[in-house]
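S.K.: The file below is entry-v4.cif, mmCIF, C-alpha atoms:
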data_target
#
loop_
_atom_site.label_atom_id
_atom_site.label_comp_id
_atom_site.auth_asym_id
_atom_site.auth_seq_id
_atom_site.Cartn_x
_atom_site.Cartn_y
_atom_site.Cartn_z
CA MET A 180 98.08 77.51 86.88
CA ILE A 181 96.83 80.90 85.63
CA PHE A 182 98.39 82.57 88.70
CA GLY A 183 101.70 80.85 87.89
CA ILE A 184 101.70 82.06 84.27
CA VAL A 185 100.79 85.63 85.31
CA LEU A 186 103.54 85.66 87.94
CA LEU A 187 106.09 84.27 85.47
CA TYR A 188 105.19 87.15 83.18
CA VAL A 189 105.83 89.55 86.09
CA VAL A 190 109.31 88.02 86.56
CA ILE A 191 110.07 88.27 82.81
CA ILE A 192 108.84 91.89 82.65
CA ALA A 193 110.95 92.75 85.73
CA LEU A 194 114.04 91.32 84.01
CA LYS A 195 113.29 93.21 80.79
CA VAL A 196 112.73 96.48 82.69
CA GLN A 197 116.06 96.04 84.47
CA ARG A 198 117.87 95.44 81.16
CA LEU A 199 116.16 98.46 79.60
CA GLU A 200 117.23 100.60 82.59
CA ARG A 201 120.86 99.57 82.01
CA ASP A 202 120.59 100.36 78.27
CA VAL A 203 119.12 103.81 78.96
CA GLU A 204 121.87 104.49 81.53
CA ARG A 205 124.50 103.61 78.91
CA LEU A 206 122.82 105.88 76.34
CA GLU A 207 122.72 108.75 78.84
CA GLU A 208 126.39 108.23 79.66
CA THR A 209 127.27 108.29 75.94
CA ARG A 210 125.24 111.46 75.46
CA ASN A 211 126.91 113.21 78.38
CA GLY A 212 130.33 112.09 77.15
CA MET B 141 118.75 103.57 100.70
CA ARG B 142 119.48 100.82 98.19
CA ARG B 143 116.34 99.25 96.74
CA ILE B 144 115.79 95.54 96.24
CA PRO B 145 116.43 94.66 92.53
CA LEU B 146 113.21 94.12 90.56
CA PRO B 147 113.90 90.51 89.43
CA ILE B 148 114.51 89.45 93.07
CA LEU B 149 111.25 91.10 94.14
CA ALA B 150 109.37 89.41 91.30
CA ALA B 151 110.88 86.00 92.16
CA ALA B 152 109.93 86.54 95.83
CA SER B 153 106.33 87.30 94.76
CA LEU B 154 106.22 84.13 92.68
CA LEU B 155 107.52 82.04 95.58
CA LEU B 156 105.26 83.65 98.19
CA VAL B 157 102.07 83.47 96.11
CA THR B 158 102.78 79.81 95.27
CA THR B 159 103.32 79.04 98.99
CA ALA B 160 100.12 80.91 99.87
CA LEU B 161 98.13 78.93 97.24
CA VAL B 162 99.47 75.63 98.58
CA LEU B 163 98.60 76.62 102.17
CA VAL B 164 95.13 77.91 101.23
CA PHE B 165 94.08 74.97 99.06
CA PHE B 166 95.96 72.01 100.57
CA VAL B 167 96.79 72.77 104.21
CA ALA B 168 94.14 75.09 105.74
CA PRO B 169 91.07 73.18 106.98
CA ASN B 170 87.56 73.62 105.58
CA ASP B 171 85.40 76.17 107.40
CA ALA B 172 82.75 74.43 109.54
CA ASP B 173 80.04 76.88 108.48
CA GLN B 174 80.84 77.86 104.87
CA GLY B 175 82.93 74.91 103.70
CA PHE B 176 85.29 75.20 100.72
CA SER B 177 83.99 78.60 99.53
CA GLN B 178 85.37 80.30 102.65
CA ARG B 179 88.87 79.92 101.17
CA ILE B 180 88.26 83.03 99.05
CA PHE B 181 88.58 84.90 102.38
CA TYR B 182 92.39 84.50 102.28
CA PHE B 183 92.55 86.47 99.03
CA HIS B 184 89.63 88.84 99.57
CA VAL B 185 90.85 90.17 102.94
CA SER B 186 94.53 90.24 101.89
CA ILE B 187 93.70 92.16 98.71
CA ALA B 188 91.44 94.57 100.64
CA PHE B 189 94.19 95.44 103.16
CA THR B 190 96.69 95.79 100.31
CA SER B 191 94.42 98.23 98.47
CA TYR B 192 94.10 100.30 101.68
CA LEU B 193 97.91 100.24 101.94
CA CYS B 194 98.26 101.40 98.32
CA PHE B 195 95.85 104.30 98.88
CA GLY B 196 97.72 105.15 102.09
CA ALA B 197 101.06 105.08 100.22
CA GLY B 198 99.55 107.28 97.49
CA ALA B 199 98.46 109.81 100.12
CA TRP B 200 101.86 109.69 101.85
CA LYS B 201 103.65 110.40 98.57
CA ALA B 202 101.12 113.16 97.83
CA LEU B 203 101.94 114.72 101.20
CA ARG B 204 105.67 114.49 100.41
CA HIS B 205 105.00 116.25 97.10
CA LEU B 206 103.08 119.09 98.75
CA TRP B 207 105.29 119.39 101.82
CA LYS B 208 108.86 118.58 100.76
CA ARG B 209 108.43 119.24 97.01
CA ASP B 210 110.06 115.88 96.34
CA PRO B 211 110.33 115.76 92.49
CA ARG B 212 109.72 111.97 92.39
CA ALA B 213 106.71 111.98 94.73
CA ASP B 214 104.03 112.95 92.17
CA LEU B 215 104.69 109.95 89.92
CA GLU B 216 105.06 107.65 92.95
CA SER B 217 101.72 108.85 94.33
CA TYR B 218 100.03 108.28 90.95
CA VAL B 219 101.43 104.74 90.61
CA ALA B 220 100.40 103.84 94.20
CA VAL B 221 96.84 105.07 93.58
CA HIS B 222 96.79 103.13 90.30
CA GLN B 223 97.77 99.92 92.07
CA GLY B 224 95.19 100.68 94.78
CA VAL B 225 92.44 100.92 92.17
CA ILE B 226 93.53 97.64 90.53
CA PHE B 227 93.49 95.85 93.89
CA GLY B 228 90.24 97.64 94.78
CA ALA B 229 88.60 96.20 91.66
CA LEU B 230 89.82 92.75 92.76
CA VAL B 231 88.28 93.31 96.23
CA LEU B 232 84.90 94.05 94.65
CA LEU B 233 85.22 91.03 92.34
CA THR B 234 86.26 88.51 95.03
CA GLY B 235 83.75 90.01 97.48
CA SER B 236 80.90 89.64 95.00
CA ILE B 237 81.80 86.00 94.28
CA TRP B 238 81.93 85.26 98.02
CA ALA B 239 78.65 87.13 98.64
CA LYS B 240 76.86 85.17 95.90
CA ILE B 241 77.98 81.84 97.37
CA SER B 242 77.47 82.82 101.00
CA TRP B 243 74.48 85.20 100.99
CA GLY B 244 72.91 84.34 97.62
CA HIS B 245 73.38 87.91 96.31
CA TRP B 246 76.12 89.46 94.17
CA TRP B 247 75.67 92.81 95.89
CA LEU B 248 73.67 94.21 98.82
CA TRP B 249 73.04 97.96 98.91
CA SER B 250 71.96 97.69 102.55
CA GLU B 251 75.49 96.71 103.63
CA ASN B 252 77.52 99.75 104.74
CA GLN B 253 80.87 97.99 104.36
CA LEU B 254 80.18 97.15 100.72
CA VAL B 255 78.80 100.56 99.77
CA LEU B 256 81.60 102.45 101.56
CA PHE B 257 84.25 100.40 99.80
CA LEU B 258 82.53 101.12 96.49
CA VAL B 259 82.53 104.85 97.33
CA LEU B 260 86.27 104.64 98.14
CA PHE B 261 86.92 102.78 94.89
CA LEU B 262 84.90 105.23 92.77
CA PHE B 263 86.56 108.20 94.50
CA TYR B 264 89.99 106.93 93.49
CA ALA B 265 88.76 105.92 90.02
CA ALA B 266 87.80 109.59 89.55
CA TYR B 267 91.39 110.55 90.48
CA PHE B 268 92.44 109.54 86.95
CA MET B 269 89.72 111.67 85.36
CA LEU B 270 91.02 114.66 87.30
CA ARG B 271 94.68 113.91 86.61
CA PHE B 272 94.28 113.47 82.87
CA SER B 273 91.96 116.44 82.43
CA VAL B 274 94.83 118.79 83.39
CA ASP B 275 97.99 119.27 81.30
CA ALA B 276 101.18 117.76 82.68
CA GLY B 277 103.02 120.13 84.99
CA PRO B 278 103.05 121.53 88.52
CA GLN B 279 99.30 122.30 88.52
CA ARG B 280 98.39 118.71 87.68
CA ALA B 281 100.79 117.39 90.33
CA ASN B 282 99.35 119.70 93.01
CA LEU B 283 95.70 118.96 92.19
CA SER B 284 96.34 115.19 92.08
CA ALA B 285 98.20 115.34 95.41
CA VAL B 286 95.38 117.22 97.17
CA TYR B 287 92.80 114.77 95.77
CA ALA B 288 94.84 111.71 96.85
CA LEU B 289 95.17 113.18 100.35
CA PHE B 290 91.42 113.81 100.68
CA GLY B 291 90.60 110.27 99.57
CA VAL B 292 92.66 108.61 102.26
CA VAL B 293 90.13 109.84 104.87
CA LEU B 294 87.72 107.28 103.42
CA VAL B 295 90.06 104.37 104.27
CA PRO B 296 89.47 104.33 108.07
CA VAL B 297 85.77 105.06 107.47
CA SER B 298 85.53 102.02 105.18
CA PHE B 299 87.52 99.87 107.62
CA LEU B 300 85.53 100.91 110.70
CA ALA B 301 82.08 100.93 109.07
CA ILE B 302 81.55 97.25 109.69
CA ARG B 303 82.62 97.58 113.32
CA LEU B 304 80.35 100.55 113.96
CA ALA B 305 77.30 99.06 112.21
CA GLN B 306 74.35 98.08 114.40
CA HIS B 307 73.47 95.01 112.39
CA PHE B 308 75.45 93.36 109.65
CA ILE B 309 75.98 90.17 107.76
CA HIS B 310 79.50 90.95 106.56
CA PRO B 311 81.80 88.89 108.83
CA VAL B 312 84.30 90.56 111.20
CA VAL B 313 87.52 88.60 111.56
CA PHE B 314 89.74 91.18 113.27
CA THR B 315 88.52 92.57 116.58
CA ARG B 316 90.20 94.46 119.44
CA HIS B 317 91.09 91.06 120.91
CA GLY B 318 93.00 89.97 117.79
CA ALA B 319 92.14 87.62 114.94
CA ALA B 320 89.02 85.47 115.29
CA PHE B 321 90.92 82.39 114.12
CA GLY B 322 94.14 80.49 114.79
CA GLY B 323 96.23 77.49 113.71
CA TRP B 324 96.69 76.82 110.00
CA ILE B 325 93.97 79.31 109.09
CA LEU B 326 96.04 82.09 110.68
CA VAL B 327 99.27 80.83 109.06
CA ALA B 328 97.60 80.64 105.62
CA TYR B 329 96.12 84.12 106.09
CA VAL B 330 99.44 85.70 107.20
CA VAL B 331 101.35 84.11 104.29
CA SER B 332 98.62 85.22 101.82
CA GLN B 333 98.70 88.74 103.23
CA VAL B 334 102.50 88.99 102.93
CA ALA B 335 102.36 87.47 99.41
CA VAL B 336 99.76 89.98 98.18
CA ILE B 337 101.67 92.94 99.70
CA VAL B 338 104.97 91.80 98.10
CA LEU B 339 103.15 91.27 94.78
CA ALA B 340 101.60 94.75 94.97
CA TYR B 341 105.00 96.29 95.79
CA THR B 342 106.58 94.43 92.84
CA LEU B 343 103.86 95.67 90.46
CA TYR B 344 104.28 99.19 91.88
CA ARG B 345 108.04 99.09 91.26
CA VAL B 346 107.62 97.64 87.74
CA GLU B 347 105.08 100.31 86.77
CA LEU B 348 107.17 103.09 88.31
CA ALA B 349 110.35 101.88 86.55
CA GLY B 350 108.44 101.70 83.24
CA LYS B 351 107.06 105.23 83.60
CA ARG B 352 110.47 106.66 84.56
CA LEU B 353 112.10 104.89 81.61
CA ASP B 354 109.47 106.39 79.34
CA VAL B 355 110.39 109.90 80.53
CA ARG B 356 114.15 109.27 80.14
CA ILE B 357 113.75 107.82 76.64
CA ARG B 358 111.63 110.81 75.59
CA GLU B 359 114.36 113.16 76.84
CA LEU B 360 117.03 111.20 74.97
CA ARG B 361 114.93 111.28 71.78
CA ALA B 362 114.40 115.03 72.11
CA ALA B 363 118.14 115.57 72.67
CA LEU B 364 118.96 113.44 69.63
CA ARG B 365 116.49 115.36 67.48
CA LEU B 366 117.98 118.66 68.65
CA GLN B 367 121.49 117.42 67.90
CA ARG B 368 120.44 116.35 64.41
CA ASN B 369 118.81 119.72 63.70
CA THR B 370 121.77 121.80 64.92
CA SER B 371 124.60 119.74 63.44
CA PRO B 372 125.93 120.97 60.03
CA PRO B 373 124.70 119.07 56.94
CA PRO B 374 127.07 116.32 55.77
CA THR B 375 129.40 117.33 52.97
CA ALA B 376 129.30 115.36 49.74
#
What is this structure when it is put down as structure tokens?

M.R.:
Amino acid sequence: MIFGIVLLYVVIIALKVQRLERDVERLEETRNG
Amino acid sequence: MRRIPLPILAAASLLLVTTALVLVFFVAPNDADQGFSQRIFYFHVSIAFTSYLCFGAGAWKALRHLWKRDPRADLESYVAVHQGVIFGALVLLTGSIWAKISWGHWWLWSENQLVLFLVLFLFYAAYFMLRFSVDAGPQRANLSAVYALFGVVLVPVSFLAIRLAQHFIHPVVFTRHGAAFGGWILVAYVVSQVAVIVLAYTLYRVELAGKRLDVRIRELRAALRLQRNTSPPPTA
């Protein structure tokens, strides 16, 4: 049960990191014109 | 080379660890000698091999930093060592629980395997003291890389200590003739080992992505601040 919750957190964090990467890429593109 | 997307890796870890737990607790038979408590072996050994792999990866990246001057290698080496220390702490924890149940002691200083693993763990724990006592820059990267490379020598020593010992109570499950078990025990062990390695790789990638994002966001902030300072004041 605890393992399951921890691993679900890992999946959620992975999704959030991926979204953040895309946002930063967009910001860098805007900055570079 | 295109890397596997993080969410897919994380989902694979979830699936593999769940499968491993089902195999370990519901399929693998009870050990004739130690009974139910032996099941901690599937995690303890898998985590131990994974921590050796992490330290090995840290040393490999350190070598790439020193040899090829790969700009990404320093951070990759640091993250691999970090994961190695986390898994190393789990080895000591699971090992101590198993030792208490099996031998009646949490720790035995007379056991070379235990003490050598502790030395390896403490050596890499000191890596962070060294790294964060030097300012960020090429000097810190070089010193950290040399330290990570030296530490990896302890991995084969720790692994072989048990096999070279004259007398021991720590069990040996992998010999020159292969694994000392078969059937569902072997299946459960292999799945657990793969699950822990995939989990460690996922955590490594998540930490690395987070640290790289941190650097990129700092750069963007600095650029924005510079832009604000150099742009003419708004007219009323």

S.K.: As an exercise, work out the distance from CA of Phe290 (chain B) to CA of Ser191 (chain B) in Å and give it to one decimal place.

M.R.: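 Atom-to-atom, CA of Phe290 (chain B) to CA of Ser191 (chain B), that is 16.0 Å.
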
S.K.: Mind checking which residues fall within 9 Å of region 199-206 of chain A, counting all atoms listed in the file, ignoring those fewer than 5 positions away in the same chain, and posting them as a PyMOL selection string?

M.R.: (chain A and resi 194+211) or (chain B and resi 349-350+353+356-357+360)

S.K.: Using only C-alpha atoms, which residues of chain A come within 9 Å of chain B, and what is the closest atom pair for each, with the distance in Å to one decimal? Give it as a tab-separated table, sorted by chain and residue number.

M.R.:
residue	atom	partner	partner_atom	distance
A:Phe182	CA	B:Val157	CA	8.3
A:Gly183	CA	B:Leu154	CA	7.4
A:Leu186	CA	B:Leu154	CA	5.7
A:Leu187	CA	B:Leu154	CA	7.2
A:Val189	CA	B:Ala150	CA	6.3
A:Val190	CA	B:Ala150	CA	4.9
A:Ile191	CA	B:Pro147	CA	8.0
A:Ile192	CA	B:Val346	CA	7.8
A:Ala193	CA	B:Pro147	CA	5.2
A:Leu194	CA	B:Pro147	CA	5.5
A:Val196	CA	B:Gly350	CA	6.8
A:Gln197	CA	B:Leu146	CA	7.0
A:Leu199	CA	B:Leu353	CA	7.9
A:Glu200	CA	B:Leu353	CA	6.8
A:Val203	CA	B:Ile357	CA	7.1
A:Leu206	CA	B:Leu360	CA	8.0
A:Glu207	CA	B:Leu360	CA	7.3
A:Arg210	CA	B:Leu360	CA	8.2

S.K.: Using all atoms listed in the file and a cutoff of 10 Å, can you tell me which residues are near (107.4, 118.0, 91.7) in the file's coordinates, and write them out as a PyMOL selection string?

M.R.: chain B and resi 204-206+208-215+277-282

S.K.: Store the residues of this selection in a file with C-alpha atoms, as a PDB file, keeping the file's coordinate frame.

M.R.:
ATOM      1  CA  ARG B 204     105.670 114.490 100.410  1.00  0.00           C
ATOM      2  CA  HIS B 205     105.000 116.250  97.100  1.00  0.00           C
ATOM      3  CA  LEU B 206     103.080 119.090  98.750  1.00  0.00           C
ATOM      4  CA  LYS B 208     108.860 118.580 100.760  1.00  0.00           C
ATOM      5  CA  ARG B 209     108.430 119.240  97.010  1.00  0.00           C
ATOM      6  CA  ASP B 210     110.060 115.880  96.340  1.00  0.00           C
ATOM      7  CA  PRO B 211     110.330 115.760  92.490  1.00  0.00           C
ATOM      8  CA  ARG B 212     109.720 111.970  92.390  1.00  0.00           C
ATOM      9  CA  ALA B 213     106.710 111.980  94.730  1.00  0.00           C
ATOM     10  CA  ASP B 214     104.030 112.950  92.170  1.00  0.00           C
ATOM     11  CA  LEU B 215     104.690 109.950  89.920  1.00  0.00           C
ATOM     12  CA  GLY B 277     103.020 120.130  84.990  1.00  0.00           C
ATOM     13  CA  PRO B 278     103.050 121.530  88.520  1.00  0.00           C
ATOM     14  CA  GLN B 279      99.300 122.300  88.520  1.00  0.00           C
ATOM     15  CA  ARG B 280      98.390 118.710  87.680  1.00  0.00           C
ATOM     16  CA  ALA B 281     100.790 117.390  90.330  1.00  0.00           C
ATOM     17  CA  ASN B 282      99.350 119.700  93.010  1.00  0.00           C
TER      18      ASN B 282
END

S.K.: Nearest residue to Ala197 (chain B) out of B:Tyr218, B:Trp249, B:Phe165, B:Phe176, using only C-alpha atoms?

M.R.: B:Tyr218

S.K.: Using all atoms listed in the file, give me every residue within 6 Å of (99.2, 107.1, 96.2) in file coordinates, as an mmCIF file with C-alpha atoms, keeping the file's coordinate frame.

M.R.:
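Output (result-v3.cif):
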data_model
loop_
_atom_site.group_PDB
_atom_site.id
_atom_site.type_symbol
_atom_site.label_atom_id
_atom_site.label_comp_id
_atom_site.auth_asym_id
_atom_site.auth_seq_id
_atom_site.Cartn_x
_atom_site.Cartn_y
_atom_site.Cartn_z
ATOM 1 C CA PHE B 195 95.850 104.300 98.880
ATOM 2 C CA ALA B 197 101.060 105.080 100.220
ATOM 3 C CA GLY B 198 99.550 107.280 97.490
ATOM 4 C CA ALA B 199 98.460 109.810 100.120
ATOM 5 C CA SER B 217 101.720 108.850 94.330
ATOM 6 C CA TYR B 218 100.030 108.280 90.950
ATOM 7 C CA ALA B 220 100.400 103.840 94.200
ATOM 8 C CA VAL B 221 96.840 105.070 93.580
#

S.K.: Any chance you could build region 147-161 of chain B out to N, CA, C and O atoms and write it as an mmCIF file, in the coordinates of the input?

M.R.:
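Printed below is part08.cif as written:
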data_model
loop_
_atom_site.group_PDB
_atom_site.id
_atom_site.type_symbol
_atom_site.label_atom_id
_atom_site.label_comp_id
_atom_site.auth_asym_id
_atom_site.auth_seq_id
_atom_site.Cartn_x
_atom_site.Cartn_y
_atom_site.Cartn_z
ATOM 1 N N PRO B 147 114.065 91.958 89.657
ATOM 2 C CA PRO B 147 113.900 90.510 89.430
ATOM 3 C C PRO B 147 113.811 89.710 90.740
ATOM 4 O O PRO B 147 113.065 88.737 90.824
ATOM 5 N N ILE B 148 114.560 90.155 91.774
ATOM 6 C CA ILE B 148 114.510 89.450 93.070
ATOM 7 C C ILE B 148 113.124 89.618 93.698
ATOM 8 O O ILE B 148 112.534 88.664 94.209
ATOM 9 N N LEU B 149 112.598 90.838 93.609
ATOM 10 C CA LEU B 149 111.250 91.100 94.140
ATOM 11 C C LEU B 149 110.204 90.237 93.419
ATOM 12 O O LEU B 149 109.321 89.644 94.054
ATOM 13 N N ALA B 150 110.334 90.184 92.089
ATOM 14 C CA ALA B 150 109.370 89.410 91.300
ATOM 15 C C ALA B 150 109.459 87.920 91.634
ATOM 16 O O ALA B 150 108.429 87.239 91.768
ATOM 17 N N ALA B 151 110.698 87.415 91.808
ATOM 18 C CA ALA B 151 110.880 86.000 92.160
ATOM 19 C C ALA B 151 110.299 85.726 93.551
ATOM 20 O O ALA B 151 109.674 84.682 93.781
ATOM 21 N N ALA B 152 110.488 86.686 94.477
ATOM 22 C CA ALA B 152 109.930 86.540 95.830
ATOM 23 C C ALA B 152 108.402 86.486 95.776
ATOM 24 O O ALA B 152 107.772 85.689 96.491
ATOM 25 N N SER B 153 107.797 87.317 94.918
ATOM 26 C CA SER B 153 106.330 87.300 94.760
ATOM 27 C C SER B 153 105.863 85.946 94.265
ATOM 28 O O SER B 153 104.889 85.387 94.782
ATOM 29 N N LEU B 154 106.576 85.435 93.261
ATOM 30 C CA LEU B 154 106.220 84.130 92.680
ATOM 31 C C LEU B 154 106.265 83.042 93.753
ATOM 32 O O LEU B 154 105.322 82.251 93.891
ATOM 33 N N LEU B 155 107.336 83.053 94.529
ATOM 34 C CA LEU B 155 107.520 82.040 95.580
ATOM 35 C C LEU B 155 106.455 82.184 96.675
ATOM 36 O O LEU B 155 105.833 81.193 97.087
ATOM 37 N N LEU B 156 106.223 83.422 97.104
ATOM 38 C CA LEU B 156 105.260 83.650 98.190
ATOM 39 C C LEU B 156 103.829 83.332 97.773
ATOM 40 O O LEU B 156 103.070 82.713 98.536
ATOM 41 N N VAL B 157 103.448 83.748 96.560
ATOM 42 C CA VAL B 157 102.070 83.470 96.110
ATOM 43 C C VAL B 157 101.868 81.967 95.940
ATOM 44 O O VAL B 157 100.813 81.431 96.308
ATOM 45 N N THR B 158 102.891 81.269 95.417
ATOM 46 C CA THR B 158 102.780 79.810 95.270
ATOM 47 C C THR B 158 102.614 79.151 96.645
ATOM 48 O O THR B 158 101.755 78.282 96.823
ATOM 49 N N THR B 159 103.432 79.587 97.631
ATOM 50 C CA THR B 159 103.320 79.040 98.990
ATOM 51 C C THR B 159 101.929 79.309 99.562
ATOM 52 O O THR B 159 101.311 78.421 100.168
ATOM 53 N N ALA B 160 101.447 80.545 99.354
ATOM 54 C CA ALA B 160 100.120 80.910 99.870
ATOM 55 C C ALA B 160 99.042 80.018 99.248
ATOM 56 O O ALA B 160 98.141 79.534 99.952
ATOM 57 N N LEU B 161 99.137 79.770 97.920
ATOM 58 C CA LEU B 161 98.130 78.930 97.240
ATOM 59 C C LEU B 161 98.149 77.505 97.785
ATOM 60 O O LEU B 161 97.089 76.908 98.007
#
